[in-house]
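Below: my_file-v3.cif (mmCIF, C-alpha atoms and all ligand atoms)
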```cif
data_query
loop_
_atom_site.label_atom_id
_atom_site.label_comp_id
_atom_site.auth_asym_id
_atom_site.auth_seq_id
_atom_site.Cartn_x
_atom_site.Cartn_y
_atom_site.Cartn_z
CA MET X 22 0.00 0.00 0.00
CA SER X 23 1.40 3.43 -0.91
CA ALA X 24 2.07 5.95 1.82
CA TYR X 25 -0.83 8.15 2.92
CA LYS X 26 0.15 11.80 2.72
CA VAL X 27 -1.33 14.16 5.29
CA THR X 28 -0.83 17.91 5.05
CA VAL X 29 -1.42 19.92 8.21
CA LEU X 30 -2.12 23.64 7.83
CA GLY X 31 -1.13 25.66 10.88
CA GLY X 32 2.04 25.62 12.93
CA GLY X 33 0.52 26.44 16.30
CA ALA X 34 -0.05 24.16 19.26
CA TRP X 35 -2.81 22.02 17.77
CA GLY X 36 -1.38 21.90 14.24
CA THR X 37 1.94 20.66 15.60
CA ALA X 38 0.29 18.13 17.91
CA LEU X 39 -1.91 16.77 15.14
CA ALA X 40 1.03 16.56 12.76
CA LEU X 41 2.77 14.44 15.40
CA ALA X 42 -0.34 12.30 15.86
CA MET X 43 -0.45 11.68 12.11
CA LEU X 44 3.25 10.83 12.06
CA ARG X 45 2.70 8.36 14.90
CA ALA X 46 -0.20 6.85 12.94
CA GLY X 47 2.35 6.00 10.25
CA HIS X 48 1.59 8.68 7.66
CA VAL X 49 3.85 10.92 5.60
CA VAL X 50 3.29 14.34 7.14
CA THR X 51 3.89 17.85 5.85
CA LEU X 52 3.14 20.83 8.06
CA TRP X 53 2.59 24.27 6.59
CA ALA X 54 3.08 27.33 8.75
CA ARG X 55 3.44 30.95 7.69
CA ASN X 56 6.18 31.54 10.24
CA ALA X 57 9.67 30.42 9.16
CA ASP X 58 10.89 30.09 12.76
CA SER X 59 8.10 27.65 13.60
CA VAL X 60 8.85 25.63 10.47
CA GLU X 61 12.51 25.30 11.33
CA ALA X 62 11.76 24.46 14.96
CA VAL X 63 9.16 21.79 14.13
CA ALA X 64 11.53 20.14 11.66
CA ASN X 65 14.02 19.94 14.55
CA GLY X 66 11.57 18.42 17.02
CA GLN X 67 10.36 21.50 18.92
CA ASN X 68 7.85 24.32 18.78
CA PRO X 69 8.98 26.56 21.65
CA ARG X 70 6.50 29.32 20.94
CA TYR X 71 3.38 27.14 21.05
CA LEU X 72 4.51 23.95 22.82
CA PRO X 73 7.17 25.22 25.21
CA GLY X 74 9.21 22.60 27.03
CA ILE X 75 8.16 19.73 24.75
CA THR X 76 10.68 17.92 22.61
CA PHE X 77 9.34 15.50 20.03
CA GLU X 78 10.50 13.20 17.30
CA THR X 79 11.64 14.58 13.94
CA GLY X 80 10.08 13.41 10.70
CA ILE X 81 7.53 16.13 9.97
CA ALA X 82 8.39 17.93 6.73
CA ALA X 83 7.66 21.53 7.60
CA THR X 84 7.47 24.36 5.09
CA THR X 85 6.25 27.92 4.57
CA ASP X 86 5.45 27.10 0.92
CA LEU X 87 1.73 26.36 0.73
CA ALA X 88 1.77 25.03 -2.85
CA LYS X 89 4.60 22.64 -1.96
CA ALA X 90 2.81 21.52 1.20
CA LEU X 91 -0.36 20.66 -0.68
CA THR X 92 1.22 18.88 -3.64
CA GLY X 93 0.24 15.20 -3.61
CA ALA X 94 -1.74 15.46 -0.36
CA ASP X 95 -4.26 12.66 0.25
CA CYS X 96 -5.87 14.58 3.07
CA VAL X 97 -5.60 18.11 4.52
CA LEU X 98 -6.03 18.94 8.20
CA VAL X 99 -6.90 22.62 8.58
CA VAL X 100 -5.68 23.72 12.01
CA THR X 101 -5.58 27.51 11.88
CA PRO X 102 -7.91 29.58 14.10
CA ALA X 103 -11.59 29.62 13.19
CA GLN X 104 -11.63 33.31 12.27
CA ALA X 105 -8.77 32.72 9.79
CA LEU X 106 -10.44 29.77 8.03
CA ARG X 107 -11.98 31.77 5.18
CA SER X 108 -8.71 33.46 4.25
CA VAL X 109 -6.65 30.28 4.64
CA LEU X 110 -9.01 28.25 2.43
CA GLY X 111 -8.92 31.06 -0.14
CA GLU X 112 -5.15 30.56 -0.32
CA VAL X 113 -5.50 26.77 -0.37
CA LYS X 114 -8.03 26.61 -3.20
CA PRO X 115 -5.66 26.91 -6.20
CA HIS X 116 -3.36 24.20 -4.84
CA VAL X 117 -5.59 21.37 -3.66
CA ALA X 118 -7.12 18.62 -5.83
CA SER X 119 -10.91 18.43 -5.66
CA HIS X 120 -11.09 14.85 -4.31
CA VAL X 121 -8.93 15.63 -1.26
CA PRO X 122 -10.83 15.71 2.04
CA LEU X 123 -10.52 18.85 4.16
CA VAL X 124 -10.60 17.96 7.85
CA LEU X 125 -11.49 21.03 9.91
CA CYS X 126 -9.84 21.00 13.33
CA ALA X 127 -10.59 24.52 14.59
CA LYS X 128 -13.41 25.11 17.07
CA GLY X 129 -15.49 28.16 16.32
CA ILE X 130 -18.14 29.90 14.26
CA GLU X 131 -17.38 32.76 11.87
CA ARG X 132 -17.83 35.89 13.97
CA ASP X 133 -19.13 38.27 11.32
CA THR X 134 -21.56 35.94 9.55
CA GLY X 135 -22.48 33.11 11.94
CA THR X 136 -21.38 30.59 9.32
CA LEU X 137 -20.24 27.18 10.53
CA LEU X 138 -16.73 26.23 9.46
CA SER X 139 -17.93 23.30 7.33
CA ALA X 140 -20.25 25.69 5.46
CA ILE X 141 -17.32 28.03 4.76
CA ALA X 142 -15.33 25.11 3.36
CA SER X 143 -18.25 23.93 1.20
CA GLU X 144 -18.77 27.49 -0.05
CA LEU X 145 -15.13 28.01 -1.04
CA LEU X 146 -14.19 24.50 -2.17
CA PRO X 147 -17.52 22.90 -3.12
CA GLU X 148 -15.96 19.82 -4.71
CA ASN X 149 -13.87 18.81 -1.72
CA PRO X 150 -15.29 16.45 0.90
CA VAL X 151 -15.46 18.14 4.31
CA ALA X 152 -14.90 16.54 7.71
CA ALA X 153 -14.21 17.73 11.24
CA LEU X 154 -12.06 16.37 14.05
CA SER X 155 -12.98 17.38 17.60
CA GLY X 156 -13.10 16.16 21.18
CA PRO X 157 -11.25 16.46 24.49
CA SER X 158 -7.65 16.96 23.44
CA PHE X 159 -5.15 19.46 24.76
CA ALA X 160 -2.35 19.91 22.25
CA THR X 161 0.27 19.43 24.96
CA ASP X 162 -1.25 16.07 25.94
CA VAL X 163 -1.40 14.84 22.36
CA ALA X 164 2.10 16.11 21.57
CA ARG X 165 3.43 14.25 24.62
CA GLY X 166 1.74 11.08 23.36
CA LEU X 167 -0.75 10.89 26.24
CA PRO X 168 -3.91 8.95 25.40
CA THR X 169 -7.23 10.51 24.42
CA ALA X 170 -10.25 9.90 22.21
CA VAL X 171 -11.77 12.25 19.63
CA VAL X 172 -14.46 12.04 16.99
CA VAL X 173 -14.17 12.46 13.24
CA ALA X 174 -17.34 13.70 11.54
CA ALA X 175 -18.42 13.82 7.91
CA GLU X 176 -21.88 13.81 6.36
CA ASP X 177 -20.88 10.60 4.59
CA ASP X 178 -20.53 8.11 7.44
CA GLU X 179 -18.25 5.81 5.42
CA ARG X 180 -15.87 8.70 4.83
CA ALA X 181 -15.92 9.59 8.52
CA ALA X 182 -15.17 5.99 9.49
CA ALA X 183 -12.38 5.70 6.91
CA LEU X 184 -10.72 8.90 8.14
CA ALA X 185 -11.11 7.83 11.78
CA LEU X 186 -9.36 4.56 10.94
CA ARG X 187 -6.53 6.43 9.22
CA PHE X 188 -6.05 8.88 12.11
CA SER X 189 -6.22 6.39 14.97
CA ALA X 190 -3.01 5.26 16.62
CA ALA X 191 -1.90 3.73 19.91
CA ASN X 192 -2.75 6.84 21.94
CA LEU X 193 -5.33 8.52 19.74
CA ARG X 194 -8.63 6.70 19.49
CA CYS X 195 -10.88 8.20 16.81
CA TYR X 196 -14.59 7.50 16.79
CA SER X 197 -16.71 8.51 13.80
CA THR X 198 -20.12 10.04 13.13
CA ASP X 199 -22.14 11.51 10.28
CA ASP X 200 -23.39 14.34 12.52
CA LEU X 201 -21.01 16.99 11.25
CA ILE X 202 -23.05 19.92 12.56
CA GLY X 203 -23.34 18.33 16.00
CA VAL X 204 -19.60 17.85 16.28
CA GLU X 205 -18.85 21.37 15.08
CA LEU X 206 -21.35 23.01 17.40
CA GLY X 207 -20.23 21.08 20.48
CA GLY X 208 -16.61 22.05 19.87
CA ALA X 209 -17.42 25.69 19.21
CA LEU X 210 -19.93 26.28 22.01
CA LYS X 211 -18.05 24.53 24.81
CA ASN X 212 -15.47 27.31 24.67
CA ILE X 213 -18.08 29.88 25.75
CA PHE X 214 -18.96 27.83 28.83
CA ALA X 215 -15.27 27.32 29.56
CA ILE X 216 -14.90 31.12 29.71
CA ALA X 217 -17.93 31.26 32.02
CA ALA X 218 -16.53 28.49 34.25
CA GLY X 219 -13.18 30.27 34.39
CA ALA X 220 -14.91 33.53 35.35
CA VAL X 221 -16.69 31.74 38.20
CA THR X 222 -13.32 30.46 39.45
CA GLY X 223 -11.60 33.81 38.95
CA ALA X 224 -14.31 35.62 40.88
CA GLY X 225 -14.00 33.10 43.72
CA LEU X 226 -17.62 31.98 43.57
CA GLY X 227 -16.89 28.44 44.74
CA ALA X 228 -16.99 24.85 43.50
CA SER X 229 -20.77 24.56 43.86
CA ALA X 230 -21.35 27.53 41.56
CA GLN X 231 -18.85 26.03 39.14
CA ALA X 232 -20.70 22.70 38.91
CA ALA X 233 -24.09 24.43 38.62
CA LEU X 234 -22.80 26.72 35.87
CA VAL X 235 -21.30 23.90 33.81
CA THR X 236 -24.45 21.78 34.17
CA ARG X 237 -26.72 24.60 33.08
CA GLY X 238 -24.22 25.44 30.34
CA PHE X 239 -24.61 21.92 29.02
CA VAL X 240 -28.41 22.39 28.98
CA GLU X 241 -27.85 25.52 26.91
CA LEU X 242 -25.41 23.78 24.61
CA ARG X 243 -27.97 21.04 23.93
CA ARG X 244 -30.77 23.58 23.43
CA ILE X 245 -28.76 25.57 20.89
CA GLY X 246 -27.50 22.40 19.23
CA ALA X 247 -31.02 21.03 18.83
CA ALA X 248 -32.18 24.28 17.23
CA PHE X 249 -29.40 23.97 14.65
CA GLY X 250 -30.07 20.29 13.90
CA ALA X 251 -27.37 18.62 16.04
CA ARG X 252 -28.25 15.16 17.34
CA PRO X 253 -28.56 14.89 21.15
CA GLU X 254 -26.28 11.84 21.32
CA THR X 255 -23.51 13.78 19.55
CA LEU X 256 -23.74 16.55 22.13
CA MET X 257 -23.58 13.90 24.87
CA GLY X 258 -20.40 12.55 23.27
CA LEU X 259 -16.71 13.39 23.05
CA SER X 260 -17.07 16.60 21.06
CA GLY X 261 -19.84 17.93 23.34
CA LEU X 262 -19.93 16.80 26.95
CA GLY X 263 -16.43 15.29 26.79
CA ASP X 264 -14.78 18.50 25.65
CA LEU X 265 -16.99 20.62 27.91
CA MET X 266 -15.79 18.64 30.93
CA LEU X 267 -12.17 19.04 29.90
CA THR X 268 -12.19 22.74 29.15
CA CYS X 269 -14.42 23.78 32.04
CA SER X 270 -12.24 22.08 34.62
CA SER X 271 -8.65 22.71 33.64
CA ALA X 272 -6.45 25.78 33.85
CA GLN X 273 -4.62 24.25 30.87
CA SER X 274 -7.54 25.46 28.74
CA ARG X 275 -6.91 28.86 27.22
CA ASN X 276 -10.63 29.59 27.27
CA PHE X 277 -10.89 28.68 30.96
CA ALA X 278 -7.76 30.74 31.70
CA TYR X 279 -9.24 33.68 29.81
CA GLY X 280 -12.36 33.35 31.96
CA VAL X 281 -10.28 33.28 35.15
CA ALA X 282 -8.63 36.55 34.12
CA LEU X 283 -12.04 37.99 33.29
CA GLY X 284 -13.40 36.94 36.68
CA LYS X 285 -10.41 38.50 38.45
CA GLY X 286 -10.78 41.71 36.48
CA GLU X 287 -7.32 41.31 34.92
CA GLU X 288 -6.08 42.75 31.63
CA LEU X 289 -7.35 40.58 28.75
CA SER X 290 -5.42 41.85 25.75
CA GLY X 291 -2.41 39.93 24.49
CA ARG X 292 -3.55 36.59 25.92
CA PRO X 293 -3.23 33.30 23.97
CA LEU X 294 -5.97 32.37 21.50
CA ALA X 295 -9.37 31.88 23.20
CA GLU X 296 -11.81 30.93 20.44
CA GLY X 297 -14.77 31.30 22.80
CA VAL X 298 -14.49 35.10 22.74
CA ALA X 299 -15.54 35.40 19.09
CA THR X 300 -17.92 32.46 19.43
CA ALA X 301 -19.70 34.07 22.41
CA TYR X 302 -20.33 37.21 20.41
CA ILE X 303 -21.81 35.41 17.41
CA ALA X 304 -23.66 32.75 19.43
CA ALA X 305 -25.36 35.49 21.45
CA ARG X 306 -26.43 37.17 18.23
CA LEU X 307 -27.66 33.94 16.63
CA THR X 308 -29.60 32.79 19.68
CA ARG X 309 -31.20 36.22 20.06
CA GLU X 310 -32.20 36.29 16.38
CA ARG X 311 -33.68 32.79 16.59
CA GLY X 312 -35.36 33.22 19.95
CA ILE X 313 -33.29 30.48 21.61
CA GLU X 314 -33.01 30.89 25.38
CA ALA X 315 -29.27 31.11 26.17
CA PRO X 316 -28.73 33.18 29.33
CA ILE X 317 -25.16 32.01 30.00
CA VAL X 318 -24.09 32.73 26.43
CA GLU X 319 -25.74 36.17 26.75
CA ALA X 320 -23.99 36.82 30.06
CA VAL X 321 -20.56 35.84 28.69
CA ALA X 322 -21.04 38.03 25.61
CA ALA X 323 -22.12 40.97 27.79
CA LEU X 324 -19.21 40.46 30.20
CA LEU X 325 -16.72 40.36 27.33
CA ASP X 326 -18.34 43.48 25.93
CA LYS X 327 -17.92 45.13 29.37
CA ALA X 328 -21.69 45.82 29.30
CA ILE X 329 -22.09 44.15 32.71
CA THR X 330 -19.89 43.25 35.67
CA ILE X 331 -19.34 39.73 36.98
CA ASN X 332 -21.63 40.55 39.94
CA GLU X 333 -24.35 41.71 37.58
CA ALA X 334 -23.90 38.57 35.48
CA VAL X 335 -24.33 36.37 38.57
CA ALA X 336 -27.33 38.37 39.79
CA GLY X 337 -28.92 38.15 36.35
CA LEU X 338 -28.55 34.37 36.23
CA MET X 339 -29.67 33.82 39.84
CA THR X 340 -32.84 35.92 39.56
CA ARG X 341 -34.24 34.40 36.38
CA PRO X 342 -37.78 33.06 36.83
CA LEU X 343 -37.78 29.66 38.56
CA ARG X 344 -38.78 26.70 36.40
CA ALA X 345 -38.74 22.93 36.12
CA GLU X 346 -35.21 21.64 35.56
CA ALA X 347 -36.16 19.71 32.43
CA ASP X 348 -37.73 22.71 30.64
N1 LIG X 401 -4.37 23.94 21.43
C1 LIG X 401 -5.22 22.96 21.68
O1 LIG X 401 -5.10 22.25 22.70
C2 LIG X 401 -6.35 22.69 20.73
C3 LIG X 401 -6.99 21.45 20.79
C4 LIG X 401 -8.06 21.21 19.94
C5 LIG X 401 -8.47 22.17 19.05
N2 LIG X 401 -7.84 23.36 19.01
C6 LIG X 401 -8.32 24.34 18.03
O2 LIG X 401 -7.38 24.46 16.99
C7 LIG X 401 -7.41 25.78 16.44
C8 LIG X 401 -6.00 26.32 16.42
O3 LIG X 401 -5.58 26.38 17.76
P1 LIG X 401 -4.05 26.32 18.19
O4 LIG X 401 -4.04 25.81 19.56
O5 LIG X 401 -3.21 25.65 17.17
O6 LIG X 401 -3.75 27.89 18.20
P2 LIG X 401 -2.30 28.58 18.31
O7 LIG X 401 -2.55 29.96 18.72
O8 LIG X 401 -1.40 27.73 19.11
O9 LIG X 401 -1.78 28.55 16.81
C9 LIG X 401 -2.47 29.15 15.76
C10 LIG X 401 -1.59 29.05 14.52
O10 LIG X 401 -2.34 29.53 13.41
C11 LIG X 401 -1.53 30.48 12.72
N3 LIG X 401 -2.40 31.44 12.07
C12 LIG X 401 -3.21 32.35 12.62
N4 LIG X 401 -3.84 33.03 11.66
C13 LIG X 401 -3.40 32.53 10.48
C14 LIG X 401 -3.67 32.83 9.13
N5 LIG X 401 -4.53 33.80 8.78
N6 LIG X 401 -3.04 32.11 8.19
C15 LIG X 401 -2.18 31.16 8.52
N7 LIG X 401 -1.87 30.81 9.78
C16 LIG X 401 -2.49 31.51 10.73
C17 LIG X 401 -0.63 31.11 13.79
O11 LIG X 401 0.50 31.69 13.20
C18 LIG X 401 -0.32 29.88 14.62
O12 LIG X 401 0.73 29.16 14.05
C19 LIG X 401 -8.36 26.57 17.34
O13 LIG X 401 -9.62 26.66 16.72
C20 LIG X 401 -8.47 25.75 18.61
O14 LIG X 401 -9.72 25.89 19.25
C21 LIG X 401 -6.78 23.63 19.81
O1 LIG X 402 -7.11 25.58 25.28
P1 LIG X 402 -8.49 25.66 24.72
O2 LIG X 402 -9.46 26.26 25.68
O3 LIG X 402 -8.53 26.24 23.35
O4 LIG X 402 -8.99 24.13 24.56
C1 LIG X 402 -8.28 23.26 23.76
C2 LIG X 402 -9.14 22.12 23.26
O5 LIG X 402 -10.28 22.62 22.60
C3 LIG X 402 -9.50 21.12 24.30
O6 LIG X 402 -10.14 20.02 23.72
#
```

For the file at hand, write its structure as structure tokens.
Ligand SMILES: NC(=O)c1ccc[n+]([C@@H]2O[C@H](COP(=O)([O-])OP(=O)(O)OC[C@H]3O[C@@H](n4cnc5c(N)ncnc54)[C@H](O)[C@@H]3O)[C@@H](O)[C@H]2O)c1
Ligand SMILES: O=P(O)(O)OC[C@H](O)CO
Amino acid sequence: MSAYKVTVLGGGAWGTALALAMLRAGHVVTLWARNADSVEAVANGQNPRYLPGITFETGIAATTDLAKALTGADCVLVVTPAQALRSVLGEVKPHVASHVPLVLCAKGIERDTGTLLSAIASELLPENPVAALSGPSFATDVARGLPTAVVVAAEDDERAAALALRFSAANLRCYSTDDLIGVELGGALKNIFAIAAGAVTGAGLGASAQAALVTRGFVELRRIGAAFGARPETLMGLSGLGDLMLTCSSAQSRNFAYGVALGKGEELSGRPLAEGVATAYIAARLTRERGIEAPIVEAVAALLDKAITINEAVAGLMTRPLRAEAD
């Protein structure tokens, strides 16, 4: 069998970790990054800017030349931030063959339009099959070779299963599903609740508040997901509940850490990427427009907008009309 060639777009933490995961799964891996320093470092078994303190095996062919990176690719993992997807795919388009699957690994929704990432890919490269990879997976854990499980989604379930088989390795177990929207929404929305959970911690509101917030956040996640056509079992799975649990409980999460800073009233500019900031803004707009009840999403968006204080956010959530839990 000829070698399977995976091209990874994005030389940050997750791009590097996924490139390593693909290498460990036995594939020929090329990583494209726009930054020459990252390219040189990754080729030498490090990425000090995004994965400080981690040394890994060599074998990833890293380059800043996008055309070269995409030549002969059997599969492309797109691992740049969600808000950059449209511009990155615009650059990719002239260089990628139409049969090559695009596996979207970012977690977000386009801030200005509310478009899901898979819809952006289908709009720009309509011939290319689209998939998503998501689930509880810190880049540092995956880069270190620690075990986890994720889910690969594509509307064609056979394609999803085939990609999951390709991507799985000793310490990366990939499940598959045809619920692409469910997987995308779970991954995008959990970041908003991770910011909220971090804010609860930062403001010193206690472990009980934390658990209540995350539980009610999950109710909201399922309510929003259902309105957009996600299947409940997907949202109960790795890309929904699994990733929500991870990001809402660990200071390793950049979204959680952003929330902690927010809750403490610290300076927020210049922090590492927290996708939930843009997602909160657009999710609040979408839920408002569609009449979906999403008080935690609203509160996070208002907090980020500095329209309310953390105390006002808490008071707003605590004084909502009482109701049956299942409603
Ligand atoms: N880090 C994780 O643990 C992790 C895990 C799962 C999913 N993700 C998701 O993966 C996505 C990327 O996250 P990350 O952790 O790699 O972020 P990062 O900040 O570590 O790296 C982002 C990379 O994208 C590059 N980039 C930014 N804009 C670009 C553009 N317009 N064109 C080309 N390159 C561009 C940056 O230079 C950088 O190399 C996010 O959506 C994140 O939610 C991250
Ligand atoms: O560090 P975060 O908050 O972007 O989370 C990373 C991953 O999404 C965890 O699965």

- [ ] Could the residues that lie within 9 Å of ligand LIG 402 (chain X), counting only C-alpha atoms and all ligand atoms, be listed as a PyMOL selection string?
- [x] chain X and resi 35+127-128+155-160+171+208-209+211-212+215-216+260+263-265+267-269+271-279+293-297

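You will find CA of Val49 in chain X at 16.5 Å from CA of Leu123 in chain X.
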
Task: Distance of CA of Thr101 in chain X from atom C16 of ligand LIG 401 (chain X), expressed in Å to one decimal place - done: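 Going from atom C16 of ligand LIG 401 (chain X) over to CA of Thr101 in chain X, I get 5.2 Å.
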
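Using only C-alpha atoms, the smallest distance between any of X:Ser119, X:Gln67, X:Thr76, X:Gln231 and Leu146 in chain X comes from X:Ser119.
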
Task: Within 10 Å of Phe239 in chain X using all atoms listed in the file, minus same-chain residues under 6 positions, as a PyMOL selection string - done: chain X and resi 207+210-211+214+233+245+256-257+261-262+265-266

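If you look at CA of Arg292 in chain X and atom C19 of ligand LIG 401 (chain X), they are 14.0 Å away from each other.
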
Task: Counting all atoms listed in the file, the residue of X:Ser197, X:Thr28, X:Thr255, X:Thr222 that sits nearest Ile331 in chain X - done: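 For Ile331 in chain X, the nearest of the given residues is X:Thr222.
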
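Shortest atom-to-atom contact with ligand LIG 401 (chain X) among X:Ala232, X:Leu52, X:Ala183, X:Ile81: X:Leu52, counting only C-alpha atoms and all ligand atoms.
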
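Each of X:Gly135, X:Gly312, X:Gly36, X:Gly227 was checked against ligand LIG 401 (chain X) using all atoms listed in the file; the smallest atom-to-atom distance is that of X:Gly36.
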
Open item on the list: Excluding Ala247 in chain X and its own-chain neighbours fewer than 6 positions away, which residues fall within 10 Å of it when counting all atoms listed in the file? Please give them as a ChimeraX atom specification.
Closed with: /X:203,206,241,253,256

Task: Given all atoms listed in the file as the counted atoms, nearest of X:Asn149, X:Thr79, X:Thr169, X:Asn332 to ligand LIG 401 (chain X) - done: X:Thr169

Box dimensions and centre (Å, one decimal) enclosing range 22-31 of chain X, axis-aligned, 3 Å extra per side, as AutoDock Vina command-line options:
```
--center_x 0.0 --center_y 12.8 --center_z 5.0 --size_x 10.2 --size_y 31.7 --size_z 17.8
```

TODO: Go through X:Gly250, X:Gly291, X:Gly129, X:Pro168 one by one, measure the shortest atom-to-atom distance of each to Gln104 in chain X using all atoms listed in the file, and give the residue with the smallest value.
DONE: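 Ranking X:Gly250, X:Gly291, X:Gly129, X:Pro168 by distance to Gln104 in chain X, first place goes to X:Gly129.
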
Task: Leu283 in chain X surroundings by only C-alpha atoms, 8 Å radius, close-in-sequence under 4 positions cut, as an MDAnalysis selection string - done: chainID X and resid 219:220 223 279 287:289 325

Any idea what's packed within 12 Å of Leu106 in chain X, counting all atoms listed in the file, ignoring anything in its chain fewer than 3 positions away? Could you give it as a PDB file with C-alpha atoms, keeping the file's coordinate frame?
```pdb
ATOM      1  CA  LEU X  30      -2.120  23.640   7.830  1.00  0.00           C
ATOM      2  CA  GLY X  31      -1.130  25.660  10.880  1.00  0.00           C
ATOM      3  CA  LEU X  98      -6.030  18.940   8.200  1.00  0.00           C
ATOM      4  CA  VAL X  99      -6.900  22.620   8.580  1.00  0.00           C
ATOM      5  CA  VAL X 100      -5.680  23.720  12.010  1.00  0.00           C
ATOM      6  CA  THR X 101      -5.580  27.510  11.880  1.00  0.00           C
ATOM      7  CA  PRO X 102      -7.910  29.580  14.100  1.00  0.00           C
ATOM      8  CA  ALA X 103     -11.590  29.620  13.190  1.00  0.00           C
ATOM      9  CA  VAL X 109      -6.650  30.280   4.640  1.00  0.00           C
ATOM     10  CA  LEU X 110      -9.010  28.250   2.430  1.00  0.00           C
ATOM     11  CA  GLY X 111      -8.920  31.060  -0.140  1.00  0.00           C
ATOM     12  CA  GLU X 112      -5.150  30.560  -0.320  1.00  0.00           C
ATOM     13  CA  VAL X 113      -5.500  26.770  -0.370  1.00  0.00           C
ATOM     14  CA  LYS X 114      -8.030  26.610  -3.200  1.00  0.00           C
ATOM     15  CA  LEU X 123     -10.520  18.850   4.160  1.00  0.00           C
ATOM     16  CA  VAL X 124     -10.600  17.960   7.850  1.00  0.00           C
ATOM     17  CA  LEU X 125     -11.490  21.030   9.910  1.00  0.00           C
ATOM     18  CA  CYS X 126      -9.840  21.000  13.330  1.00  0.00           C
ATOM     19  CA  ALA X 127     -10.590  24.520  14.590  1.00  0.00           C
ATOM     20  CA  LYS X 128     -13.410  25.110  17.070  1.00  0.00           C
ATOM     21  CA  GLY X 129     -15.490  28.160  16.320  1.00  0.00           C
ATOM     22  CA  ILE X 130     -18.140  29.900  14.260  1.00  0.00           C
ATOM     23  CA  GLU X 131     -17.380  32.760  11.870  1.00  0.00           C
ATOM     24  CA  ARG X 132     -17.830  35.890  13.970  1.00  0.00           C
ATOM     25  CA  THR X 136     -21.380  30.590   9.320  1.00  0.00           C
ATOM     26  CA  LEU X 137     -20.240  27.180  10.530  1.00  0.00           C
ATOM     27  CA  LEU X 138     -16.730  26.230   9.460  1.00  0.00           C
ATOM     28  CA  SER X 139     -17.930  23.300   7.330  1.00  0.00           C
ATOM     29  CA  ALA X 140     -20.250  25.690   5.460  1.00  0.00           C
ATOM     30  CA  ILE X 141     -17.320  28.030   4.760  1.00  0.00           C
ATOM     31  CA  ALA X 142     -15.330  25.110   3.360  1.00  0.00           C
ATOM     32  CA  SER X 143     -18.250  23.930   1.200  1.00  0.00           C
ATOM     33  CA  GLU X 144     -18.770  27.490  -0.050  1.00  0.00           C
ATOM     34  CA  LEU X 145     -15.130  28.010  -1.040  1.00  0.00           C
TER      35      LEU X 145
END
```
